[in-house]
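What follows is the content of model27.pdb (PDB, C-alpha atoms and all ligand atoms).
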ATOM      1  CA  MET M   5     -13.942  17.598  61.770  1.00  0.00           C
ATOM      2  CA  THR M   6     -14.624  16.571  58.180  1.00  0.00           C
ATOM      3  CA  VAL M   7     -14.368  12.895  57.296  1.00  0.00           C
ATOM      4  CA  GLU M   8     -14.038  12.174  53.606  1.00  0.00           C
ATOM      5  CA  VAL M   9     -15.587   8.890  52.603  1.00  0.00           C
ATOM      6  CA  GLU M  10     -14.433   7.635  49.232  1.00  0.00           C
ATOM      7  CA  GLN M  11     -17.388   6.961  46.959  1.00  0.00           C
ATOM      8  CA  VAL M  12     -17.037   3.776  44.951  1.00  0.00           C
ATOM      9  CA  ARG M  13     -19.269   3.798  41.916  1.00  0.00           C
ATOM     10  CA  THR M  14     -20.311   0.526  40.301  1.00  0.00           C
ATOM     11  CA  GLU M  15     -19.937   0.682  36.524  1.00  0.00           C
ATOM     12  CA  VAL M  16     -21.322  -1.612  33.858  1.00  0.00           C
ATOM     13  CA  ILE M  17     -19.555  -2.414  30.588  1.00  0.00           C
ATOM     14  CA  GLU M  18     -20.547  -4.540  27.593  1.00  0.00           C
ATOM     15  CA  PHE M  19     -18.243  -7.540  27.216  1.00  0.00           C
ATOM     16  CA  GLY M  20     -19.274  -9.565  24.194  1.00  0.00           C
ATOM     17  CA  SER M  21     -22.875 -10.556  24.880  1.00  0.00           C
ATOM     18  CA  LEU M  22     -22.538  -9.849  28.617  1.00  0.00           C
ATOM     19  CA  SER M  23     -23.201  -6.789  30.753  1.00  0.00           C
ATOM     20  CA  VAL M  24     -20.457  -6.832  33.366  1.00  0.00           C
ATOM     21  CA  GLN M  25     -20.330  -4.833  36.587  1.00  0.00           C
ATOM     22  CA  PHE M  26     -17.127  -3.744  38.343  1.00  0.00           C
ATOM     23  CA  ASP M  27     -15.698  -0.776  40.238  1.00  0.00           C
ATOM     24  CA  SER M  28     -12.402   1.060  40.623  1.00  0.00           C
ATOM     25  CA  ARG M  29     -11.076  -1.436  43.210  1.00  0.00           C
ATOM     26  CA  VAL M  30     -10.776  -4.130  40.545  1.00  0.00           C
ATOM     27  CA  LEU M  31      -9.360  -4.248  37.022  1.00  0.00           C
ATOM     28  CA  ARG M  32     -11.613  -2.617  34.418  1.00  0.00           C
ATOM     29  CA  PRO M  33     -12.631  -5.396  31.977  1.00  0.00           C
ATOM     30  CA  ARG M  34     -10.556  -5.117  28.788  1.00  0.00           C
ATOM     31  CA  ARG M  35     -12.577  -5.727  25.629  1.00  0.00           C
ATOM     32  CA  TRP M  36      -9.728  -7.433  23.739  1.00  0.00           C
ATOM     33  CA  THR M  37      -9.912 -10.281  26.276  1.00  0.00           C
ATOM     34  CA  THR M  38     -13.145 -11.470  24.634  1.00  0.00           C
ATOM     35  CA  ALA M  39     -10.553 -13.260  22.446  1.00  0.00           C
ATOM     36  CA  GLN M  40      -9.532 -15.321  25.485  1.00  0.00           C
ATOM     37  CA  SER M  41     -13.182 -16.280  26.040  1.00  0.00           C
ATOM     38  CA  ALA M  42     -13.586 -17.186  22.364  1.00  0.00           C
ATOM     39  CA  TRP M  43     -10.449 -19.328  22.280  1.00  0.00           C
ATOM     40  CA  ALA M  44     -11.432 -21.080  25.514  1.00  0.00           C
ATOM     41  CA  SER M  45     -14.951 -21.682  24.225  1.00  0.00           C
ATOM     42  CA  ALA M  46     -13.573 -23.215  21.015  1.00  0.00           C
ATOM     43  CA  GLN M  47     -11.378 -25.564  23.057  1.00  0.00           C
ATOM     44  CA  LEU M  48     -14.479 -26.939  24.760  1.00  0.00           C
ATOM     45  CA  ARG M  49     -15.676 -28.476  21.500  1.00  0.00           C
ATOM     46  CA  THR M  50     -12.937 -31.132  21.689  1.00  0.00           C
ATOM     47  CA  ALA M  51     -12.194 -31.141  25.418  1.00  0.00           C
ATOM     48  CA  PRO M  52     -12.755 -34.254  27.521  1.00  0.00           C
ATOM     49  CA  ASP M  53     -15.828 -34.312  29.760  1.00  0.00           C
ATOM     50  CA  GLY M  54     -15.278 -32.270  32.879  1.00  0.00           C
ATOM     51  CA  PRO M  55     -15.579 -28.884  34.524  1.00  0.00           C
ATOM     52  CA  VAL M  56     -13.885 -25.585  33.676  1.00  0.00           C
ATOM     53  CA  LEU M  57     -11.662 -23.555  36.014  1.00  0.00           C
ATOM     54  CA  GLU M  58     -10.794 -19.875  35.759  1.00  0.00           C
ATOM     55  CA  LEU M  59      -7.808 -18.691  37.809  1.00  0.00           C
ATOM     56  CA  CYS M  60      -7.496 -14.977  38.633  1.00  0.00           C
ATOM     57  CA  ALA M  61     -11.043 -14.554  37.373  1.00  0.00           C
ATOM     58  CA  GLY M  62     -11.563 -11.007  38.660  1.00  0.00           C
ATOM     59  CA  VAL M  63     -15.244 -10.155  38.155  1.00  0.00           C
ATOM     60  CA  GLY M  64     -15.683 -13.358  36.131  1.00  0.00           C
ATOM     61  CA  HIS M  65     -16.430 -12.037  32.655  1.00  0.00           C
ATOM     62  CA  ILE M  66     -13.809 -13.994  30.654  1.00  0.00           C
ATOM     63  CA  GLY M  67     -14.954 -17.340  32.011  1.00  0.00           C
ATOM     64  CA  LEU M  68     -18.650 -16.477  31.880  1.00  0.00           C
ATOM     65  CA  LEU M  69     -18.448 -15.419  28.239  1.00  0.00           C
ATOM     66  CA  ALA M  70     -16.499 -18.590  27.395  1.00  0.00           C
ATOM     67  CA  MET M  71     -19.314 -20.684  28.886  1.00  0.00           C
ATOM     68  CA  ALA M  72     -22.109 -19.204  26.770  1.00  0.00           C
ATOM     69  CA  GLY M  73     -23.935 -22.178  25.259  1.00  0.00           C
ATOM     70  CA  HIS M  74     -22.055 -24.711  27.423  1.00  0.00           C
ATOM     71  CA  THR M  75     -23.415 -26.603  30.417  1.00  0.00           C
ATOM     72  CA  ARG M  76     -20.238 -27.814  32.130  1.00  0.00           C
ATOM     73  CA  PRO M  77     -19.692 -26.543  35.682  1.00  0.00           C
ATOM     74  CA  LEU M  78     -17.488 -23.437  35.992  1.00  0.00           C
ATOM     75  CA  VAL M  79     -15.306 -22.605  39.007  1.00  0.00           C
ATOM     76  CA  LEU M  80     -14.091 -19.001  39.333  1.00  0.00           C
ATOM     77  CA  VAL M  81     -11.194 -18.237  41.708  1.00  0.00           C
ATOM     78  CA  ASP M  82      -9.965 -14.817  42.779  1.00  0.00           C
ATOM     79  CA  LEU M  83      -8.225 -13.365  45.817  1.00  0.00           C
ATOM     80  CA  SER M  84     -10.158 -10.095  45.863  1.00  0.00           C
ATOM     81  CA  GLU M  85     -13.394 -10.091  47.873  1.00  0.00           C
ATOM     82  CA  THR M  86     -14.602  -7.101  45.891  1.00  0.00           C
ATOM     83  CA  ALA M  87     -13.987  -8.922  42.606  1.00  0.00           C
ATOM     84  CA  CYS M  88     -15.801 -12.000  43.924  1.00  0.00           C
ATOM     85  CA  ARG M  89     -18.820  -9.915  44.985  1.00  0.00           C
ATOM     86  CA  HIS M  90     -19.054  -8.406  41.489  1.00  0.00           C
ATOM     87  CA  ALA M  91     -18.526 -11.868  39.980  1.00  0.00           C
ATOM     88  CA  ALA M  92     -21.541 -13.155  41.924  1.00  0.00           C
ATOM     89  CA  ALA M  93     -23.683 -10.347  40.508  1.00  0.00           C
ATOM     90  CA  ASN M  94     -22.275 -10.974  37.029  1.00  0.00           C
ATOM     91  CA  VAL M  95     -23.164 -14.665  37.267  1.00  0.00           C
ATOM     92  CA  GLU M  96     -26.769 -13.684  38.049  1.00  0.00           C
ATOM     93  CA  GLN M  97     -26.864 -11.184  35.215  1.00  0.00           C
ATOM     94  CA  ALA M  98     -25.271 -13.555  32.662  1.00  0.00           C
ATOM     95  CA  ASN M  99     -27.989 -16.138  33.177  1.00  0.00           C
ATOM     96  CA  VAL M 100     -25.687 -18.910  31.911  1.00  0.00           C
ATOM     97  CA  SER M 101     -26.901 -22.490  31.680  1.00  0.00           C
ATOM     98  CA  CYS M 102     -23.925 -23.926  33.604  1.00  0.00           C
ATOM     99  CA  PRO M 103     -23.550 -24.126  37.390  1.00  0.00           C
ATOM    100  CA  VAL M 104     -20.997 -21.549  38.611  1.00  0.00           C
ATOM    101  CA  GLU M 105     -19.052 -21.692  41.873  1.00  0.00           C
ATOM    102  CA  ILE M 106     -17.032 -18.711  43.076  1.00  0.00           C
ATOM    103  CA  ARG M 107     -14.077 -19.351  45.382  1.00  0.00           C
ATOM    104  CA  CYS M 108     -12.608 -16.279  47.028  1.00  0.00           C
ATOM    105  CA  GLY M 109      -9.022 -16.815  48.129  1.00  0.00           C
ATOM    106  CA  ARG M 110      -5.482 -17.589  47.006  1.00  0.00           C
ATOM    107  CA  MET M 111      -5.590 -19.804  43.963  1.00  0.00           C
ATOM    108  CA  ASP M 112      -2.997 -22.168  45.431  1.00  0.00           C
ATOM    109  CA  GLU M 113      -5.290 -22.758  48.429  1.00  0.00           C
ATOM    110  CA  GLU M 114      -8.680 -23.027  46.736  1.00  0.00           C
ATOM    111  CA  ILE M 115      -8.383 -26.181  44.647  1.00  0.00           C
ATOM    112  CA  ALA M 116      -8.510 -29.610  46.255  1.00  0.00           C
ATOM    113  CA  ASP M 117      -5.733 -32.063  45.383  1.00  0.00           C
ATOM    114  CA  ASP M 118      -8.093 -34.440  43.601  1.00  0.00           C
ATOM    115  CA  GLU M 119      -9.936 -31.858  41.464  1.00  0.00           C
ATOM    116  CA  ARG M 120      -9.417 -32.134  37.692  1.00  0.00           C
ATOM    117  CA  PHE M 121     -10.574 -29.759  34.953  1.00  0.00           C
ATOM    118  CA  ALA M 122     -11.027 -30.197  31.203  1.00  0.00           C
ATOM    119  CA  LEU M 123     -10.202 -26.551  30.512  1.00  0.00           C
ATOM    120  CA  ILE M 124      -8.397 -23.938  32.585  1.00  0.00           C
ATOM    121  CA  ILE M 125      -8.475 -20.222  31.854  1.00  0.00           C
ATOM    122  CA  ALA M 126      -5.868 -18.079  33.610  1.00  0.00           C
ATOM    123  CA  ASP M 127      -5.436 -14.318  33.648  1.00  0.00           C
ATOM    124  CA  PRO M 128      -2.799 -13.588  36.311  1.00  0.00           C
ATOM    125  CA  PRO M 129      -1.275 -10.173  37.001  1.00  0.00           C
ATOM    126  CA  TRP M 130       1.638  -9.974  34.511  1.00  0.00           C
ATOM    127  CA  VAL M 131       2.997  -6.411  34.662  1.00  0.00           C
ATOM    128  CA  ARG M 132       6.644  -6.219  35.778  1.00  0.00           C
ATOM    129  CA  SER M 133       6.807  -4.520  39.187  1.00  0.00           C
ATOM    130  CA  ASP M 134       8.976  -1.665  37.895  1.00  0.00           C
ATOM    131  CA  ARG M 135       6.374  -0.890  35.191  1.00  0.00           C
ATOM    132  CA  THR M 136       3.236  -0.823  37.346  1.00  0.00           C
ATOM    133  CA  GLY M 137       3.537   2.978  37.492  1.00  0.00           C
ATOM    134  CA  ASP M 138       2.563   2.996  33.802  1.00  0.00           C
ATOM    135  CA  HIS M 139      -0.899   1.769  34.864  1.00  0.00           C
ATOM    136  CA  GLN M 140      -1.939   4.343  37.475  1.00  0.00           C
ATOM    137  CA  ASP M 141      -5.653   3.564  37.183  1.00  0.00           C
ATOM    138  CA  ASP M 142      -5.264  -0.165  37.810  1.00  0.00           C
ATOM    139  CA  PRO M 143      -5.205  -1.658  41.322  1.00  0.00           C
ATOM    140  CA  LEU M 144      -1.766  -3.095  42.142  1.00  0.00           C
ATOM    141  CA  HIS M 145      -3.108  -6.479  43.293  1.00  0.00           C
ATOM    142  CA  ALA M 146      -4.572  -6.996  39.820  1.00  0.00           C
ATOM    143  CA  ILE M 147      -1.468  -6.164  37.767  1.00  0.00           C
ATOM    144  CA  ASP M 148       1.776  -6.583  39.761  1.00  0.00           C
ATOM    145  CA  GLY M 149       3.437  -9.801  38.612  1.00  0.00           C
ATOM    146  CA  GLY M 150       6.782  -9.346  40.391  1.00  0.00           C
ATOM    147  CA  ASP M 151      10.262  -8.697  38.954  1.00  0.00           C
ATOM    148  CA  ASP M 152       9.728 -10.418  35.601  1.00  0.00           C
ATOM    149  CA  GLY M 153       5.937 -10.169  35.733  1.00  0.00           C
ATOM    150  CA  LEU M 154       5.545 -13.930  35.950  1.00  0.00           C
ATOM    151  CA  ASP M 155       5.315 -14.696  39.685  1.00  0.00           C
ATOM    152  CA  LEU M 156       1.576 -15.413  39.498  1.00  0.00           C
ATOM    153  CA  ALA M 157       1.737 -16.865  35.967  1.00  0.00           C
ATOM    154  CA  ARG M 158       4.176 -19.501  37.271  1.00  0.00           C
ATOM    155  CA  THR M 159       1.698 -20.342  40.045  1.00  0.00           C
ATOM    156  CA  CYS M 160      -1.003 -20.695  37.363  1.00  0.00           C
ATOM    157  CA  VAL M 161       1.221 -23.000  35.315  1.00  0.00           C
ATOM    158  CA  GLN M 162       1.929 -25.139  38.396  1.00  0.00           C
ATOM    159  CA  LEU M 163      -1.804 -25.403  39.103  1.00  0.00           C
ATOM    160  CA  ILE M 164      -2.579 -26.173  35.454  1.00  0.00           C
ATOM    161  CA  GLY M 165       0.023 -28.944  35.538  1.00  0.00           C
ATOM    162  CA  ARG M 166      -1.528 -30.373  38.693  1.00  0.00           C
ATOM    163  CA  HIS M 167      -5.235 -30.058  37.878  1.00  0.00           C
ATOM    164  CA  LEU M 168      -5.593 -30.404  34.084  1.00  0.00           C
ATOM    165  CA  MET M 169      -7.140 -33.608  32.732  1.00  0.00           C
ATOM    166  CA  ASP M 170      -5.340 -35.643  30.093  1.00  0.00           C
ATOM    167  CA  ARG M 171      -6.194 -34.169  26.649  1.00  0.00           C
ATOM    168  CA  GLY M 172      -7.296 -30.983  28.404  1.00  0.00           C
ATOM    169  CA  SER M 173      -6.037 -27.494  27.582  1.00  0.00           C
ATOM    170  CA  ALA M 174      -5.473 -24.116  29.167  1.00  0.00           C
ATOM    171  CA  VAL M 175      -5.589 -20.575  27.829  1.00  0.00           C
ATOM    172  CA  LEU M 176      -3.112 -18.437  29.773  1.00  0.00           C
ATOM    173  CA  GLN M 177      -2.731 -14.681  29.390  1.00  0.00           C
ATOM    174  CA  VAL M 178       0.678 -12.997  29.633  1.00  0.00           C
ATOM    175  CA  GLY M 179       2.004  -9.609  28.604  1.00  0.00           C
ATOM    176  CA  ASP M 180       4.498 -10.067  25.758  1.00  0.00           C
ATOM    177  CA  LEU M 181       6.584 -12.497  23.717  1.00  0.00           C
ATOM    178  CA  GLU M 182       9.493 -12.348  26.184  1.00  0.00           C
ATOM    179  CA  GLN M 183       7.141 -13.728  28.814  1.00  0.00           C
ATOM    180  CA  VAL M 184       5.923 -16.437  26.393  1.00  0.00           C
ATOM    181  CA  ALA M 185       9.563 -17.506  25.960  1.00  0.00           C
ATOM    182  CA  ALA M 186      10.024 -17.539  29.745  1.00  0.00           C
ATOM    183  CA  VAL M 187       6.927 -19.738  30.163  1.00  0.00           C
ATOM    184  CA  SER M 188       8.297 -22.046  27.471  1.00  0.00           C
ATOM    185  CA  ASP M 189      11.647 -22.266  29.339  1.00  0.00           C
ATOM    186  CA  HIS M 190       9.784 -22.963  32.578  1.00  0.00           C
ATOM    187  CA  LEU M 191       7.921 -25.870  30.968  1.00  0.00           C
ATOM    188  CA  ALA M 192      11.180 -27.250  29.553  1.00  0.00           C
ATOM    189  CA  ASP M 193      12.725 -27.070  33.052  1.00  0.00           C
ATOM    190  CA  HIS M 194       9.671 -28.825  34.582  1.00  0.00           C
ATOM    191  CA  PRO M 195       8.812 -31.843  32.415  1.00  0.00           C
ATOM    192  CA  ASP M 196       6.838 -33.221  35.377  1.00  0.00           C
ATOM    193  CA  LEU M 197       4.144 -30.645  34.520  1.00  0.00           C
ATOM    194  CA  ARG M 198       3.477 -32.561  31.266  1.00  0.00           C
ATOM    195  CA  LEU M 199       2.490 -29.380  29.435  1.00  0.00           C
ATOM    196  CA  ARG M 200       3.579 -27.807  26.183  1.00  0.00           C
ATOM    197  CA  ILE M 201       2.741 -24.600  24.354  1.00  0.00           C
ATOM    198  CA  ALA M 202       0.663 -25.521  21.292  1.00  0.00           C
ATOM    199  CA  GLU M 203       0.172 -21.970  20.004  1.00  0.00           C
ATOM    200  CA  HIS M 204       0.256 -18.337  21.036  1.00  0.00           C
ATOM    201  CA  ARG M 205      -1.651 -15.339  19.709  1.00  0.00           C
ATOM    202  CA  THR M 206      -0.488 -11.745  20.118  1.00  0.00           C
ATOM    203  CA  PHE M 207      -2.808  -8.763  20.511  1.00  0.00           C
ATOM    204  CA  GLY M 208      -0.510  -5.840  19.764  1.00  0.00           C
ATOM    205  CA  ASP M 209       0.832  -4.300  22.959  1.00  0.00           C
ATOM    206  CA  ARG M 210      -2.283  -5.384  24.887  1.00  0.00           C
ATOM    207  CA  GLY M 211      -1.235  -8.933  25.719  1.00  0.00           C
ATOM    208  CA  VAL M 212      -0.562 -12.445  24.483  1.00  0.00           C
ATOM    209  CA  LEU M 213      -2.670 -15.592  24.833  1.00  0.00           C
ATOM    210  CA  VAL M 214      -0.914 -18.933  25.192  1.00  0.00           C
ATOM    211  CA  LEU M 215      -2.552 -22.300  24.578  1.00  0.00           C
ATOM    212  CA  LEU M 216      -1.124 -24.991  26.843  1.00  0.00           C
ATOM    213  CA  VAL M 217      -1.935 -28.616  26.134  1.00  0.00           C
ATOM    214  CA  ARG M 218      -1.246 -31.970  27.706  1.00  0.00           C
TER     215      ARG M 218
HETATM  216  C1  LIG O 301      -5.031  -9.231  35.586  1.00  0.00           C
HETATM  217  S1  LIG O 301      -6.316  -9.362  36.798  1.00  0.00           S
HETATM  218  C2  LIG O 301      -7.481 -10.281  35.843  1.00  0.00           C
HETATM  219  C3  LIG O 301      -8.873 -10.157  36.307  1.00  0.00           C
HETATM  220  C4  LIG O 301      -9.901 -10.470  35.211  1.00  0.00           C
HETATM  221  N1  LIG O 301      -9.656 -11.742  34.594  1.00  0.00           N
HETATM  222  C5  LIG O 301      -9.932  -9.372  34.186  1.00  0.00           C
HETATM  223  O1  LIG O 301      -9.631  -9.584  33.006  1.00  0.00           O
HETATM  224  O2  LIG O 301     -10.275  -8.242  34.565  1.00  0.00           O
HETATM  225  C6  LIG O 301      -5.617 -10.493  37.922  1.00  0.00           C
HETATM  226  C7  LIG O 301      -6.539 -10.975  39.041  1.00  0.00           C
HETATM  227  O3  LIG O 301      -5.780 -11.898  39.826  1.00  0.00           O
HETATM  228  C8  LIG O 301      -6.194 -11.795  41.169  1.00  0.00           C
HETATM  229  N2  LIG O 301      -5.142 -12.390  42.003  1.00  0.00           N
HETATM  230  C9  LIG O 301      -3.931 -11.891  42.313  1.00  0.00           C
HETATM  231  N3  LIG O 301      -3.244 -12.763  43.063  1.00  0.00           N
HETATM  232  C10 LIG O 301      -4.036 -13.856  43.214  1.00  0.00           C
HETATM  233  C11 LIG O 301      -3.891 -15.102  43.894  1.00  0.00           C
HETATM  234  N4  LIG O 301      -2.761 -15.409  44.557  1.00  0.00           N
HETATM  235  N5  LIG O 301      -4.900 -15.978  43.857  1.00  0.00           N
HETATM  236  C12 LIG O 301      -6.055 -15.689  43.198  1.00  0.00           C
HETATM  237  N6  LIG O 301      -6.251 -14.514  42.529  1.00  0.00           N
HETATM  238  C13 LIG O 301      -5.248 -13.612  42.544  1.00  0.00           C
HETATM  239  C14 LIG O 301      -6.443 -10.323  41.375  1.00  0.00           C
HETATM  240  O4  LIG O 301      -7.328 -10.087  42.446  1.00  0.00           O
HETATM  241  C15 LIG O 301      -7.034  -9.932  40.008  1.00  0.00           C
HETATM  242  O5  LIG O 301      -8.446  -9.962  40.039  1.00  0.00           O
END

So that I can check it, write out the structure of this file as structure tokens.
Amino acid sequence: MTVEVEQVRTEVIEFGSLSVQFDSRVLRPRRWTTAQSAWASAQLRTAPDGPVLELCAGVGHIGLLAMAGHTRPLVLVDLSETACRHAAANVEQANVSCPVEIRCGRMDEEIADDERFALIIADPPWVRSDRTGDHQDDPLHAIDGGDDGLDLARTCVQLIGRHLMDRGSAVLQVGDLEQVAAVSDHLADHPDLRLRIAEHRTFGDRGVLVLLVR
């Protein structure tokens, strides 16, 4: 009998100033998302004192790059154990000057009620379920956002509303302008979240970044 054992090869990619490791079981880091790191990093200049949270952090590169030159604590959250293992290695490799904590689990179960963050970065799966076939190389858990692509983004927005400090901000990634409009409608329907969209930036057909403020 022949047993085929799938070989999983760890790859390393340059992401801004970082060398980031990952493998085929997680999303391949996308270079355009250095823009999310840069925008988040810029927000820290005027943010209140306090730690930084990254939701759906994957192997951690967006948050780690954002923290270059900053000393605030960083918390990375992701559901995938494989992503969290790579994130731990990437933290070591990045040699950042901030303390980093990795929490492996569902984002809605990993943050204590009383935790507050000055900045929240969020990169949820945002591909509509009926379009995931367009992304054959990407693992489903990393891209499938449900019928309208926003199932996990809505969870992120709920968590941002609950855990963002006053005068804090969040940089959320979604897929397109239709989804930005849907997030805007969601915020209008949930004034208790006390969030508004201050700005959005589009990156062709690669994605859209949304700045949420309180
Ligand atoms: C679009 S990927 C982003 C990963 C990384 N930021 C990147 O750019 O490669 C979405 C990530 O969300 C994670 N994820 C999906 N559902 C989650 C949940 N309920 N709680 C925490 N993480 C989740 C997946 O494991 C995946 O790593």

Would you write out, as number ranges by chain, every residue that the PyMOL selection byres (((chain M and resi 62) around 8) and not hetatm) captures in this file? M: 30-31, 60-61, 63-65, 81-82, 84, 87-88, 91

Do you know which residues lie at most 12 Å from (0.7, -23.1, 27.0), with coordinates as in the file and all atoms listed in the file counted, and could you write them as a PyMOL selection string? chain M and resi 123-126+157-158+160-162+164-165+168+172-178+183-192+197-205+212-218

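Closest approach to ligand LIG 301 (chain O) among M:Arg76, M:Arg89, M:His139, M:His145: M:His145, based on all atoms listed in the file.
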
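Across M:Asp134, M:Asp152, M:Glu96, M:Glu85, the tightest approach to ligand LIG 301 (chain O) is made by M:Glu85 when counting only C-alpha atoms and all ligand atoms.
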
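Coordinates place CA of Pro129 in chain M at a distance of 4.1 Å from CA of Ile147 in chain M.
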
Would you give the centre and edge lengths, in Å to one decimal, of a box along x, y and z around the listed atoms of ligand LIG 301 (chain O), with 4 Å added to each side, as AutoDock Vina command-line options?
--center_x -6.5 --center_y -12.1 --center_z 38.8 --size_x 15.5 --size_y 15.7 --size_z 19.6

Once the PyMOL selection byres (((chain M and resi 95) around 12) and not hetatm) is applied to the coordinates I shared, what remains selected? I want it as an MDAnalysis selection string. chainID M and resid 22:25 63:69 71:72 78:80 88:94 96:106

Kindly save the residues from that selection, with C-alpha atoms included, as a compact mmCIF listing (two decimals), in the frame of the given file.
# COMPACT_ATOMS: atom_id res chain seq x y z
CA LEU M 22 -22.54 -9.85 28.62
CA SER M 23 -23.20 -6.79 30.75
CA VAL M 24 -20.46 -6.83 33.37
CA GLN M 25 -20.33 -4.83 36.59
CA VAL M 63 -15.24 -10.15 38.16
CA GLY M 64 -15.68 -13.36 36.13
CA HIS M 65 -16.43 -12.04 32.66
CA ILE M 66 -13.81 -13.99 30.65
CA GLY M 67 -14.95 -17.34 32.01
CA LEU M 68 -18.65 -16.48 31.88
CA LEU M 69 -18.45 -15.42 28.24
CA MET M 71 -19.31 -20.68 28.89
CA ALA M 72 -22.11 -19.20 26.77
CA LEU M 78 -17.49 -23.44 35.99
CA VAL M 79 -15.31 -22.60 39.01
CA LEU M 80 -14.09 -19.00 39.33
CA CYS M 88 -15.80 -12.00 43.92
CA ARG M 89 -18.82 -9.91 44.98
CA HIS M 90 -19.05 -8.41 41.49
CA ALA M 91 -18.53 -11.87 39.98
CA ALA M 92 -21.54 -13.16 41.92
CA ALA M 93 -23.68 -10.35 40.51
CA ASN M 94 -22.28 -10.97 37.03
CA GLU M 96 -26.77 -13.68 38.05
CA GLN M 97 -26.86 -11.18 35.22
CA ALA M 98 -25.27 -13.56 32.66
CA ASN M 99 -27.99 -16.14 33.18
CA VAL M 100 -25.69 -18.91 31.91
CA SER M 101 -26.90 -22.49 31.68
CA CYS M 102 -23.92 -23.93 33.60
CA PRO M 103 -23.55 -24.13 37.39
CA VAL M 104 -21.00 -21.55 38.61
CA GLU M 105 -19.05 -21.69 41.87
CA ILE M 106 -17.03 -18.71 43.08

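Minimum atom-to-atom distances from M:Ala146, M:Leu156, M:Val12, M:Ile17 to Arg35 in chain M were compared using all atoms listed in the file, and the lowest value belongs to M:Ile17.
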
Could you give me, as a ChimeraX atom specification, the residues that sit within 10 Å of (-3.1, -5.5, 21.6) in the file's coordinates, counting only C-alpha atoms? /M:36-37,179-180,206-212

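One distance worth recording is that between CA of Gly150 in chain M and CA of Ser133 in chain M, which is 5.0 Å.
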
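The gap separating CA of Ala122 in chain M from CA of Arg171 in chain M is 7.7 Å, in Å to one decimal.
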
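Between ligand LIG 301 (chain O) and the residues M:Gln47, M:Thr38, M:Thr75, M:Gln11, the shortest atom-to-atom distance, using all atoms listed in the file, involves M:Thr38.
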
Please determine, counting all atoms listed in the file, which residue among M:Thr86, M:Gln140, M:Thr14, M:Thr50 has the shortest atom-to-atom distance to ligand LIG 301 (chain O). M:Thr86

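Residue nearest ligand LIG 301 (chain O), chosen from M:Met169, M:Ala116, M:Met111, M:Leu144 and counting all atoms listed in the file: M:Met111.
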
Rebuild range 89-101 of chain M so that it carries N, CA and C atoms, then output the result as a compact mmCIF listing (two decimals), in the coordinates of the input.
# COMPACT_ATOMS: atom_id res chain seq x y z
N ARG M 89 -17.45 -10.43 44.82
CA ARG M 89 -18.82 -9.91 44.98
C ARG M 89 -19.39 -9.49 43.63
N HIS M 90 -18.58 -8.79 42.84
CA HIS M 90 -19.05 -8.41 41.49
C HIS M 90 -19.27 -9.66 40.64
N ALA M 91 -18.37 -10.64 40.78
CA ALA M 91 -18.53 -11.87 39.98
C ALA M 91 -19.87 -12.52 40.28
N ALA M 92 -20.25 -12.54 41.56
CA ALA M 92 -21.54 -13.16 41.92
C ALA M 92 -22.69 -12.43 41.22
N ALA M 93 -22.63 -11.11 41.20
CA ALA M 93 -23.68 -10.35 40.51
C ALA M 93 -23.62 -10.61 39.01
N ASN M 94 -22.41 -10.74 38.47
CA ASN M 94 -22.28 -10.97 37.03
C ASN M 94 -22.78 -12.36 36.63
N VAL M 95 -22.62 -13.32 37.52
CA VAL M 95 -23.16 -14.66 37.27
C VAL M 95 -24.69 -14.56 37.15
N GLU M 96 -25.30 -13.86 38.08
CA GLU M 96 -26.77 -13.68 38.05
C GLU M 96 -27.20 -13.03 36.75
N GLN M 97 -26.50 -11.97 36.40
CA GLN M 97 -26.86 -11.18 35.22
C GLN M 97 -26.66 -11.98 33.92
N ALA M 98 -25.61 -12.82 33.90
CA ALA M 98 -25.27 -13.56 32.66
C ALA M 98 -26.30 -14.63 32.35
N ASN M 99 -26.94 -15.15 33.39
CA ASN M 99 -27.99 -16.14 33.18
C ASN M 99 -27.47 -17.32 32.34
N VAL M 100 -26.27 -17.80 32.67
CA VAL M 100 -25.69 -18.91 31.91
C VAL M 100 -26.36 -20.22 32.30
N SER M 101 -26.23 -21.22 31.41
CA SER M 101 -26.90 -22.49 31.68
C SER M 101 -25.99 -23.48 32.40
